[in-house]
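What follows is a single structure, written as structure tokens, with notes after it.
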Amino acid sequence: MPTPTYTLIDSVTLASSAASVTFSNIDQSFGDVILSMTVTNDAGSRPTRIAINGDTGYNYTRVEARGNGTTAASYSDTNAYVTFSGDRSFTSGVTGIIYQFMDYSATNKHKSILARLNNTNASADPHVTMGAGRWASTAGIASLLIYPSSGNFIAGCTFHIYGIAKAL
């Protein structure tokens with residue numbers, strides 16, 4: 001079976017600080033969408049959050065595992081935001097985060113989310129995180145609002161959204 005190819009749908013590189021980034025009118029013709037971002041925050045805030053279709057309520061669940069080479073931890077939340085960066089800040093390092101929204105355009109089931117995070121902030125606890133989550137809605141995902149829990153993303157942060165072809 002051939003490896004699926006990522007098709008760039010949209011991208012944003014911040015020229016100045018911003019409180020949020022929004023991808024709207026996401027093309028519904030793909031099987032999955034991938035959100036890839038490299039972010040740094042100016043306020044030492046906790047996780048980057050995502051509101052699917054503007055839903056900032058607690059309609060999400062998640063589980064995650066995090067490790068830094070010395071210790072490991074796991075978390076689970078019900079009625080949580082879409083976030084998988086644990087309780088760590090990321091002001092002086094760069095955090096790379098990849099979310100996969102599976103079967104995002106389906107209207108007959110809740111949406112599954114996989115996430116991977118790499119925090120390179122050596123002074124604040126470098127770590128890797130993996131997680132899985134669910135958005136409790138049968139609506140297709142048409143927009144993603146990305147924002148830190150406080151402060152702003154700094155200039156130079158990048159955000160890319162890719163489509164993966166539907167399975168045959």
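In the structure tokens, chains take letters A, B, ... by order of appearance, with residues numbered from 1 within each chain and ligands from 1 in the order shown.
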Filtered DSSP result for chain A, state strand (DSSP E), as a ChimeraX atom specification:
/A:6-13,21-23,32-39,48-52,60-67,72-80,95-102,111-119,127-135,144-148,158-164
Figure out the distance between atom CA of Ser17 of chain A and atom CA of Asn152 of chain A, please, to one decimal in Å.
6.0 Å
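As for atom CA of Ser112 of chain A and atom CA of Gln100 of chain A, they are spaced 8.3 Å apart.
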Between A:Lys109, A:Arg134, A:His127, A:Lys166, which is the closest to Tyr58 of chain A once you count only C-alpha atoms?
A:Arg134
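Residues within 12 Å of His160 of chain A, counting only C-alpha atoms and excluding same-chain residues fewer than 5 positions away, are Tyr6, Thr7, Leu8, Ile9, Asp10, Ser11, Val12, Thr13, Leu14, Val21, Thr22, Phe23, Val33, Ile34, Leu35, Ser36, Met37, Thr38, Val39, Gly96, Ile97, Ile98, Tyr99, Gln100, Leu144 and Ile146 of chain A.
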In terms of the shortest atom-to-atom distance over only C-alpha atoms, which of A:Thr138, A:Thr5, A:Asn68, A:Ser149 is closest to Asp32 of chain A?
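Among the listed residues, the smallest separation from Asp32 of chain A belongs to A:Thr5.
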